[in-house]
$ cat entry29.txt   # compact mmCIF, C-alpha atoms
# COMPACT_ATOMS: atom_id res chain seq x y z
CA ASP A 1 -28.20 18.54 53.54
CA VAL A 2 -25.33 20.12 51.61
CA GLU A 3 -24.78 17.20 49.24
CA ARG A 4 -28.47 16.98 48.37
CA SER A 5 -28.64 20.73 47.77
CA ARG A 6 -25.58 20.58 45.54
CA GLY A 7 -27.11 17.71 43.56
CA LEU A 8 -30.38 19.54 43.07
CA GLY A 9 -28.44 22.63 42.03
CA ASP A 10 -26.57 20.63 39.38
CA VAL A 11 -29.83 19.29 37.98
CA TYR A 12 -31.24 22.82 37.84
CA LYS A 13 -28.15 24.10 36.05
CA ARG A 14 -28.42 21.34 33.42
CA GLN A 15 -32.07 22.13 32.84
CA GLU A 16 -31.27 25.84 32.52
CA ALA A 17 -28.47 25.13 30.06
CA GLU A 18 -30.76 23.05 27.84
CA ARG A 19 -33.51 25.66 27.37
CA PRO A 20 -33.18 28.65 25.03
CA MET A 21 -32.56 32.09 26.52
CA THR A 22 -35.35 34.62 26.77
CA PRO A 23 -34.75 37.98 25.02
CA TYR A 24 -33.95 39.57 28.39
CA GLU A 25 -31.49 36.82 29.27
CA SER A 26 -29.86 37.11 25.85
CA VAL A 27 -29.36 40.87 26.26
CA MET A 28 -27.91 40.41 29.74
CA TRP A 29 -25.64 37.56 28.63
CA ASN A 30 -24.29 39.32 25.56
CA ILE A 31 -24.02 42.88 26.90
CA TRP A 32 -23.86 42.83 30.70
CA MET A 33 -21.83 39.65 31.14
CA PRO A 34 -18.74 40.68 29.13
CA ALA A 35 -18.54 43.96 31.05
CA ALA A 36 -18.95 42.16 34.37
CA ARG A 37 -16.29 39.62 33.41
CA GLN A 38 -13.86 42.38 32.51
CA ALA A 39 -14.50 44.18 35.79
CA LEU A 40 -14.30 41.15 38.08
CA VAL A 41 -11.45 39.30 36.39
CA ASN A 42 -9.16 42.17 35.38
CA ALA A 43 -10.06 45.29 37.34
CA TRP A 44 -11.22 44.04 40.75
CA ASP A 45 -8.62 43.76 43.51
CA VAL A 46 -9.54 40.52 45.29
CA TYR A 47 -8.16 41.85 48.58
CA ASP A 48 -10.70 44.68 48.56
CA ALA A 49 -14.04 42.91 48.84
CA ALA A 50 -16.32 45.94 49.23
CA PRO A 51 -16.60 47.13 45.58
CA ALA A 52 -17.31 43.65 44.19
CA VAL A 53 -19.74 42.78 46.99
CA ALA A 54 -21.63 46.02 46.37
CA PHE A 55 -21.65 45.31 42.63
CA ILE A 56 -23.18 41.84 43.09
CA GLU A 57 -25.68 43.10 45.67
CA ALA A 58 -26.86 45.77 43.22
CA TRP A 59 -27.37 43.32 40.35
CA ARG A 60 -28.25 39.95 41.85
CA ASP A 61 -32.04 40.48 41.83
CA LEU A 62 -31.86 41.47 38.17
CA LEU A 63 -29.69 38.59 37.02
CA PRO A 64 -31.17 35.33 35.75
CA PRO A 65 -30.20 32.56 38.20
CA PHE A 66 -27.91 30.83 35.70
CA MET A 67 -25.99 34.06 35.19
CA LEU A 68 -25.55 34.62 38.92
CA ASP A 69 -24.29 31.03 39.19
CA ASN A 70 -21.84 31.73 36.39
CA VAL A 71 -20.56 34.90 38.04
CA PHE A 72 -19.82 33.04 41.26
CA ASP A 73 -18.58 29.77 39.77
CA GLN A 74 -16.43 31.20 36.99
CA LEU A 75 -15.43 34.69 38.09
CA LEU A 76 -15.55 35.13 41.87
CA LEU A 77 -14.88 31.80 43.58
CA PRO A 78 -11.77 30.81 41.58
CA LYS A 79 -10.22 34.22 42.23
CA LEU A 80 -11.01 34.06 45.95
CA GLU A 81 -9.70 30.51 46.24
CA ARG A 82 -6.42 31.46 44.57
CA ALA A 83 -6.07 34.42 46.93
CA VAL A 84 -6.56 32.16 49.94
CA GLN A 85 -4.09 29.59 48.61
CA THR A 86 -1.36 32.20 48.18
CA TRP A 87 -2.08 34.07 51.42
CA THR A 88 0.49 34.15 54.23
CA PRO A 89 0.31 35.61 57.75
CA ARG A 90 2.81 38.25 56.62
CA ALA A 91 0.40 39.58 53.99
CA ASP A 92 -0.81 43.15 54.37
CA VAL A 93 -4.48 42.11 54.30
CA PRO A 94 -5.72 39.51 56.81
CA MET A 95 -7.54 36.61 55.19
CA HIS A 96 -10.84 37.26 56.92
CA VAL A 97 -10.92 40.83 55.57
CA PHE A 98 -11.26 39.74 51.94
CA VAL A 99 -13.24 36.52 52.49
CA LEU A 100 -15.85 37.11 55.18
CA PRO A 101 -17.73 39.99 53.50
CA TRP A 102 -18.82 37.51 50.83
CA LEU A 103 -20.67 35.39 53.37
CA THR A 104 -23.33 38.09 53.62
CA LEU A 105 -24.26 37.30 50.01
CA SER A 106 -24.30 33.52 50.19
CA GLU A 107 -22.75 31.22 52.77
CA ALA A 108 -23.65 28.18 50.68
CA ARG A 109 -21.84 29.48 47.59
CA MET A 110 -18.79 30.30 49.72
CA ALA A 111 -18.45 26.81 51.21
CA SER A 112 -15.51 25.89 48.96
CA VAL A 113 -13.64 29.09 49.84
CA VAL A 114 -14.23 28.63 53.57
CA SER A 115 -12.94 25.05 53.26
CA GLU A 116 -9.86 26.46 51.55
CA THR A 117 -9.29 28.83 54.49
CA ARG A 118 -9.30 25.87 56.88
CA ARG A 119 -6.68 24.12 54.76
CA LYS A 120 -4.65 27.32 54.76
CA TRP A 121 -4.81 27.64 58.55
CA ARG A 122 -3.77 24.00 58.97
CA SER A 123 -0.77 24.72 56.76
CA VAL A 124 0.12 27.96 58.54
CA LEU A 125 -0.23 26.45 62.01
CA SER A 126 1.89 23.42 61.17
CA ALA A 127 4.96 25.61 61.76
CA TRP A 128 3.51 27.45 64.77
CA HIS A 129 5.48 27.66 68.04
CA VAL A 130 4.22 28.59 71.48
CA SER A 131 6.57 31.56 71.69
CA GLN A 132 4.76 33.17 68.73
CA GLY A 133 1.61 33.69 70.77
CA ILE A 134 -1.93 33.37 69.44
CA PRO A 135 -1.74 33.86 65.65
CA ALA A 136 -3.11 37.23 64.59
CA HIS A 137 -6.69 37.09 63.32
CA LEU A 138 -7.10 33.35 63.94
CA GLU A 139 -10.03 34.02 66.26
CA ALA A 140 -11.88 35.85 63.48
CA TRP A 141 -12.70 32.37 62.13
CA ARG A 142 -14.01 30.94 65.37
CA GLY A 143 -17.63 31.82 64.59
CA ILE A 144 -17.28 30.86 60.92
CA TYR A 145 -16.10 27.29 61.35
CA SER A 146 -18.38 24.83 63.07
CA THR A 147 -17.51 23.94 66.66
CA LYS A 148 -16.27 20.57 65.45
CA GLU A 149 -14.07 22.15 62.78
CA TRP A 150 -12.66 24.76 65.18
CA ASP A 151 -11.87 22.20 67.86
CA ALA A 152 -10.28 19.87 65.31
CA LEU A 153 -8.03 22.65 64.00
CA LEU A 154 -6.74 23.49 67.47
CA LEU A 155 -6.38 19.86 68.57
CA GLU A 156 -4.49 18.99 65.41
CA ARG A 157 -2.17 21.99 65.21
CA ILE A 158 -2.03 23.93 68.50
CA VAL A 159 -2.35 21.35 71.26
CA PRO A 160 0.63 19.19 70.18
CA SER A 161 2.90 22.25 70.08
CA ILE A 162 1.74 23.39 73.52
CA SER A 163 2.25 19.91 74.91
CA ARG A 164 5.75 19.71 73.45
CA ALA A 165 6.69 23.14 74.81
CA LEU A 166 5.53 22.29 78.33
CA ARG A 167 7.33 18.97 78.22
CA THR A 168 10.65 20.19 76.78
CA GLN A 169 10.96 23.87 77.70
CA PHE A 170 9.31 24.28 81.08
CA ARG A 171 11.17 23.16 84.20
CA VAL A 172 9.74 23.11 87.67
CA ASP A 173 12.47 24.83 89.66
CA PRO A 174 11.35 26.33 93.00
CA SER A 175 14.69 28.01 93.51
CA GLN A 176 14.58 30.00 90.27
CA GLN A 177 11.28 29.47 88.50
CA ASP A 178 10.97 30.77 84.92
CA MET A 179 7.27 31.25 84.12
CA GLN A 180 7.58 32.48 80.53
CA VAL A 181 6.52 29.28 78.74
CA LEU A 182 3.67 28.69 81.17
CA GLU A 183 2.41 32.25 80.68
CA GLN A 184 2.51 31.76 76.90
CA VAL A 185 0.44 28.61 77.28
CA LEU A 186 -2.09 30.21 79.65
CA ALA A 187 -2.67 32.95 77.06
CA TRP A 188 -4.73 30.32 75.21
CA ALA A 189 -7.33 30.25 77.99
CA GLY A 190 -10.64 31.14 76.40
CA VAL A 191 -9.45 30.04 72.96
CA LEU A 192 -8.83 26.41 73.79
CA ARG A 193 -11.57 24.60 75.64
CA ASP A 194 -11.03 24.77 79.42
CA SER A 195 -11.10 20.98 79.58
CA VAL A 196 -8.35 20.72 76.96
CA LEU A 197 -6.10 23.29 78.61
CA SER A 198 -6.52 21.82 82.08
CA ARG A 199 -5.76 18.35 80.73
CA LEU A 200 -2.58 19.65 79.10
CA LEU A 201 -1.39 21.21 82.36
CA HIS A 202 -2.24 18.10 84.34
CA VAL A 203 -0.49 15.70 81.95
CA GLU A 204 2.63 17.77 81.28
CA LEU A 205 3.15 19.53 84.63
CA GLY A 206 1.48 17.35 87.23
CA THR A 207 4.09 14.61 87.47
CA PRO A 208 7.16 16.90 87.21
CA TRP A 209 5.76 19.14 89.94
CA LEU A 210 5.08 16.20 92.27
CA GLN A 211 8.55 14.77 91.62
CA VAL A 212 10.26 18.05 92.45
CA LEU A 213 8.05 18.54 95.48
CA HIS A 214 8.84 15.05 96.76
CA ALA A 215 12.58 15.54 96.25
CA TRP A 216 12.39 18.93 97.90
CA ILE A 217 10.62 17.94 101.07
CA THR A 218 12.47 14.66 101.59
CA GLN A 219 15.96 16.10 101.64
CA PRO A 220 17.60 15.35 104.99
CA ASP A 221 18.67 18.93 105.45
CA ALA A 222 15.53 20.50 103.99
CA ALA A 223 14.16 23.52 105.80
CA VAL A 224 10.98 24.00 103.86
CA SER A 225 8.28 26.10 105.42
CA TYR A 226 4.57 25.74 104.68
CA THR A 227 4.53 29.39 103.72
CA HIS A 228 7.26 28.85 101.13
CA LEU A 229 5.40 25.90 99.63
CA ARG A 230 2.14 27.84 99.41
CA ALA A 231 3.88 30.80 97.78
CA HIS A 232 5.30 28.60 95.04
CA GLU A 233 2.02 26.77 94.53
CA THR A 234 0.27 30.13 94.14
CA SER A 235 2.81 31.22 91.50
CA LEU A 236 1.90 28.21 89.37
CA HIS A 237 -1.74 29.25 89.36
$ encode --input "entry29.txt" --output "structure tokens"
Amino acid sequence: DVERSRGLGDVYKRQEAERPMTPYESVMWNIWMPAARQALVNAWDVYDAAPAVAFIEAWRDLLPPFMLDNVFDQLLLPKLERAVQTWTPRADVPMHVFVLPWLTLSEARMASVVSETRRKWRSVLSAWHVSQGIPAHLEAWRGIYSTKEWDALLLERIVPSISRALRTQFRVDPSQQDMQVLEQVLAWAGVLRDSVLSRLLHVELGTPWLQVLHAWITQPDAAVSYTHLRAHETSLH
């Protein structure tokens, strides 16, 4: 599992740190490493992943394992994590554009950055409102997070807002029905689980619809035709 792998990796790093460098490792550490540090820390634009990814791909088979660990742990991951922490939906570069290319090199090494993106999305979505629609680029992370993590994010941040909007902003009014809020909610079909969306509609709209229908058809002077009822029912679907 992940914890066991991390523990074994720590043991390996300690063993590597305790043994003397080979001549090749010494040359790479003293000549290559300072140049790489300068390039990755000072010159590389974190929002443009391609040059740095290509650089690591070109060198990773030539680097001693402890040096590759150092490049990721000390140079790349902290810079990526800071970029995620300061990212906002208004930024010019979507978060997945500068994070996901790194997964092709090592998903395991990127676990901390991916976790940081989930925290960022939870923060961003805490202020989300139904009228804003599906957040741009959110679905880019659907295949990156586990099913459990994806569902938890939506259940924690999106579902309560949808529920509140249906409960407080949507009114069943056969005489002058406004469908805007309902249409905004239905846009989440295919993003939310079908079972979750149907449950939301049942809980928040079922009772109000039945109450209005009962009041409508029990009025003493009501002249409600079956055709009129069916037309309204169809509009809600």
$ atom_distance --input "entry29.txt" --atom1 "CA of Trp209 in chain A" --atom2 "CA of Gln184 in chain A"
18.4 Å
$ closest_residue --input "entry29.txt" --among "A:Ala165, A:Leu210, A:Val159, A:Ile144" --to "Ser198 in chain A" --atoms "all atoms listed in the file"
A:Val159
$ residues_around --input "entry29.txt" --residues "range 70-86 of chain A" --least-positions-apart "4" --cutoff "7 Å" --atoms "all atoms listed in the file" --output "count of residues only"
10
$ residues_around --input "entry29.txt" --residues "Val53 in chain A" --least-positions-apart "6" --cutoff "12 Å" --atoms "all atoms listed in the file" --output "ChimeraX atom specification"
/A:40,44-47,59-60,71-72,76,98-106
$ residues_around --input "entry29.txt" --residues "range 160-162 of chain A" --least-positions-apart "2" --cutoff "9 Å" --atoms "only C-alpha atoms" --output "compact mmCIF listing (two decimals) with C-alpha atoms, in the coordinates of the input"
# COMPACT_ATOMS: atom_id res chain seq x y z
CA TRP A 128 3.51 27.45 64.77
CA HIS A 129 5.48 27.66 68.04
CA VAL A 130 4.22 28.59 71.48
CA LEU A 154 -6.74 23.49 67.47
CA LEU A 155 -6.38 19.86 68.57
CA GLU A 156 -4.49 18.99 65.41
CA ARG A 157 -2.17 21.99 65.21
CA ILE A 158 -2.03 23.93 68.50
CA ARG A 164 5.75 19.71 73.45
CA ALA A 165 6.69 23.14 74.81
CA LEU A 166 5.53 22.29 78.33
CA ARG A 167 7.33 18.97 78.22
CA VAL A 185 0.44 28.61 77.28
CA LEU A 200 -2.58 19.65 79.10
$ atom_distance --input "entry29.txt" --atom1 "CA of Val124 in chain A" --atom2 "CA of Pro89 in chain A"
7.7 Å
$ atom_distance --input "entry29.txt" --atom1 "CA of Glu25 in chain A" --atom2 "CA of Glu107 in chain A"
25.7 Å
$ closest_residue --input "entry29.txt" --among "A:Ala111, A:Ala136, A:Leu197, A:Leu68" --to "Ala91 in chain A" --atoms "only C-alpha atoms"
A:Ala136
$ closest_residue --input "entry29.txt" --among "A:Tyr24, A:Trp87, A:Leu186, A:Leu201" --to "Leu62 in chain A" --atoms "only C-alpha atoms"
A:Tyr24
$ residues_around --input "entry29.txt" --residues "range 137-140 of chain A" --least-positions-apart "6" --cutoff "8 Å" --atoms "only C-alpha atoms" --output "mmCIF file with C-alpha atoms, keeping the file's coordinate frame"
data_model
loop_
_atom_site.group_PDB
_atom_site.id
_atom_site.type_symbol
_atom_site.label_atom_id
_atom_site.label_comp_id
_atom_site.auth_asym_id
_atom_site.auth_seq_id
_atom_site.Cartn_x
_atom_site.Cartn_y
_atom_site.Cartn_z
ATOM 1 C CA PRO A 94 -5.720 39.510 56.810
ATOM 2 C CA HIS A 96 -10.840 37.260 56.920
ATOM 3 C CA VAL A 191 -9.450 30.040 72.960
#
$ closest_residue --input "entry29.txt" --among "A:Ala39, A:Asp69, A:Arg109, A:Asp151" --to "Ser195 in chain A" --atoms "all atoms listed in the file"
A:Asp151
